Structure formats: structure tokens, C-alpha cells
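> My questions will all concern the structure given below.
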Amino acid sequence: MANFKLENFIVPEVVADQVTGVLEANAVFEGTLAYSGCFHVNGTVRGTIETPDVLVVGESGRVEGQIHAGVVIIYGKVEAEINAKYRVEIRKPAVFRGEMSTPSLKVEEGVIFEGTNKMR
């Protein structure tokens, strides 16, 4: 996975052809999902997601629980506590409800954000 510098952080670059895993729409995973690389959630995850790298929640994706990741990109629905080492991006038409801690946050116009964010 390629890297690029974001201020004082080395951030994994999201590259479509470097996706290491996908949870397809209509699939449900319950428990702890731990991986390296870039993972796309298009189905539902209930539990904990742990990665030093990238999590992408697609438009049909839903995550309920806790997320510990390097970078989190949300297009779908997330009801969770997020701890991101590098950044969180919430992109239209996303819905986020919960708490997060991240040094960098990008929220596009048109998303629903109900919760708190602690910048660190």
C-alpha cells in the first residue's frame, strides 16, 4: 500500500486496486474484524473493527459498535465509537451517530452527524 504525508502523519493511501477485503451487501458479520490493508463494508458489521490501515463503509454499509483504524471513510450508516489514528472522512449520503476521536475530520455538506468529536 502506498503512503503519503499528511502534516506530521504518514497515512495509507486508499487505492481501489489494493482492497484486501470486502463484506458484500446483505452479508452480516458479528464479532471482531481485524485486518491489514483496505477493507470495504457494504453489508453490516456488529462488533469491533480493528486495523492500522483503512476502513471504507460503502453507501449500503452499516457498522454498529467500535472502530479502531488508521483512516475511516464513511458513505453509509455508522453508529459507533471511532478512534482513528490519522483521519475520518464522512461523505454524502452518510449518517454518523456516536463518538469519535481523530486528529483530522472532514464532513461533507449533506451528511447527518449526531455525536461528538474529540480532536487530538
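By convention here, the chains of the C-alpha cells are called A, B, ... in the order presented, each chain's residues are numbered starting at 1, and ligands are numbered starting at 1 in the order presented.
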Show which residues sit within 10 Å of Arg120 in chain A, as a PyMOL selection string. Count only C-alpha atoms, and ignore same-chain residues fewer than 6 positions away.
chain A and resi 85-86+101-104
> Would you write out those residues with C-alpha atoms, as a PDB file, in the first residue's frame?

```pdb
ATOM      1  CA  LYS A  85      -5.119   7.415  14.217  1.00  0.00           C
ATOM      2  CA  TYR A  86      -4.965   9.664  11.129  1.00  0.00           C
ATOM      3  CA  SER A 101     -11.501  10.746  18.393  1.00  0.00           C
ATOM      4  CA  THR A 102      -9.255  11.735  15.476  1.00  0.00           C
ATOM      5  CA  PRO A 103      -6.629  14.367  14.628  1.00  0.00           C
ATOM      6  CA  SER A 104      -8.332  15.190  11.288  1.00  0.00           C
TER       7      SER A 104
END
```
> DSSP on the backbone: what in chain A comes out strand (DSSP E), as a compact mmCIF listing (two decimals) with C-alpha atoms, in the first residue's frame?

```txt
# COMPACT_ATOMS: atom_id res chain seq x y z
CA ASN A 3 1.77 6.11 1.66
CA PHE A 4 1.61 9.89 1.60
CA LYS A 5 2.40 12.53 4.19
CA LEU A 6 -0.43 14.45 5.90
CA PHE A 9 1.43 11.72 9.87
CA ILE A 10 2.19 9.01 7.33
CA VAL A 11 -1.24 7.99 6.06
CA PRO A 12 -2.08 4.90 4.00
CA VAL A 19 -8.55 -3.54 -1.49
CA THR A 20 -7.71 -6.52 0.72
CA GLY A 21 -11.27 -7.44 1.72
CA VAL A 22 -14.96 -6.79 1.12
CA LEU A 23 -18.11 -7.57 3.08
CA VAL A 28 -23.80 -9.69 8.24
CA PHE A 29 -20.67 -10.09 10.39
CA GLU A 30 -20.85 -10.18 14.19
CA GLY A 31 -17.75 -10.16 16.38
CA THR A 32 -14.25 -8.73 15.97
CA LEU A 33 -12.95 -8.00 12.48
CA ALA A 34 -9.16 -7.47 12.45
CA CYS A 38 -8.09 -1.56 2.90
CA PHE A 39 -11.44 -3.19 3.72
CA HIS A 40 -14.83 -2.19 2.25
CA VAL A 41 -18.02 -2.80 4.26
CA THR A 44 -23.46 -4.98 8.19
CA VAL A 45 -20.83 -5.30 10.90
CA ARG A 46 -21.89 -5.56 14.55
CA GLY A 47 -18.97 -5.56 16.94
CA THR A 48 -15.40 -4.26 16.76
CA ILE A 49 -13.28 -3.40 13.74
CA GLU A 50 -9.51 -3.18 14.30
CA VAL A 54 -8.14 1.87 6.07
CA LEU A 55 -11.85 1.14 6.57
CA VAL A 56 -14.37 2.23 3.94
CA VAL A 57 -18.08 1.96 4.78
CA ARG A 62 -23.68 -0.31 8.25
CA VAL A 63 -21.39 -0.54 11.27
CA GLU A 64 -22.59 -0.81 14.87
CA GLY A 65 -20.02 -1.00 17.67
CA GLN A 66 -16.42 0.20 17.85
CA ILE A 67 -13.90 1.13 15.17
CA HIS A 68 -10.14 1.40 15.78
CA ALA A 69 -8.45 2.30 12.47
CA GLY A 70 -5.84 4.45 10.78
CA VAL A 71 -8.29 6.04 8.33
CA VAL A 72 -12.10 5.74 8.29
CA ILE A 73 -14.14 6.80 5.25
CA ILE A 74 -17.92 6.68 5.67
CA LYS A 77 -24.52 4.36 8.30
CA VAL A 78 -22.28 4.15 11.35
CA GLU A 79 -23.44 4.00 14.96
CA ALA A 80 -20.16 3.58 16.75
CA GLU A 81 -17.30 4.83 18.81
CA ILE A 82 -14.46 5.63 16.41
CA ASN A 83 -10.81 6.02 17.31
CA ALA A 84 -8.88 6.97 14.15
CA LYS A 85 -5.12 7.42 14.22
CA TYR A 86 -4.96 9.66 11.13
CA ARG A 87 -8.36 10.88 9.93
CA VAL A 88 -12.09 10.34 9.47
CA GLU A 89 -13.97 11.39 6.33
CA ILE A 90 -17.78 11.44 6.36
CA VAL A 95 -25.19 9.02 8.63
CA PHE A 96 -22.94 9.01 11.70
CA ARG A 97 -24.18 8.65 15.27
CA GLY A 98 -21.71 8.25 18.09
CA GLU A 99 -18.40 9.49 19.42
CA MET A 100 -15.07 9.80 17.69
CA SER A 101 -11.50 10.75 18.39
CA THR A 102 -9.25 11.73 15.48
CA LEU A 105 -12.04 15.25 10.40
CA LYS A 106 -13.71 16.01 7.06
CA VAL A 107 -17.52 16.23 6.91
CA ILE A 112 -26.05 13.56 9.12
CA PHE A 113 -23.66 13.88 12.09
CA GLU A 114 -25.16 13.26 15.52
CA GLY A 115 -22.49 12.89 18.13
CA THR A 116 -19.22 14.26 19.41
CA ASN A 117 -15.70 14.52 18.12
CA LYS A 118 -12.51 14.94 20.12
CA MET A 119 -9.68 16.37 18.05
```
> May I have the residues within 6 Å of Gly43 in chain A as a ChimeraX atom specification, using only C-alpha atoms and disregarding those fewer than 4 positions away in the same chain?
/A:23-28,61
> Which distance in Å separates CA of Glu108 in chain A and CA of Lys92 in chain A, to one decimal?
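Straight-line distance from CA of Glu108 in chain A to CA of Lys92 in chain A works out to 6.1 Å.
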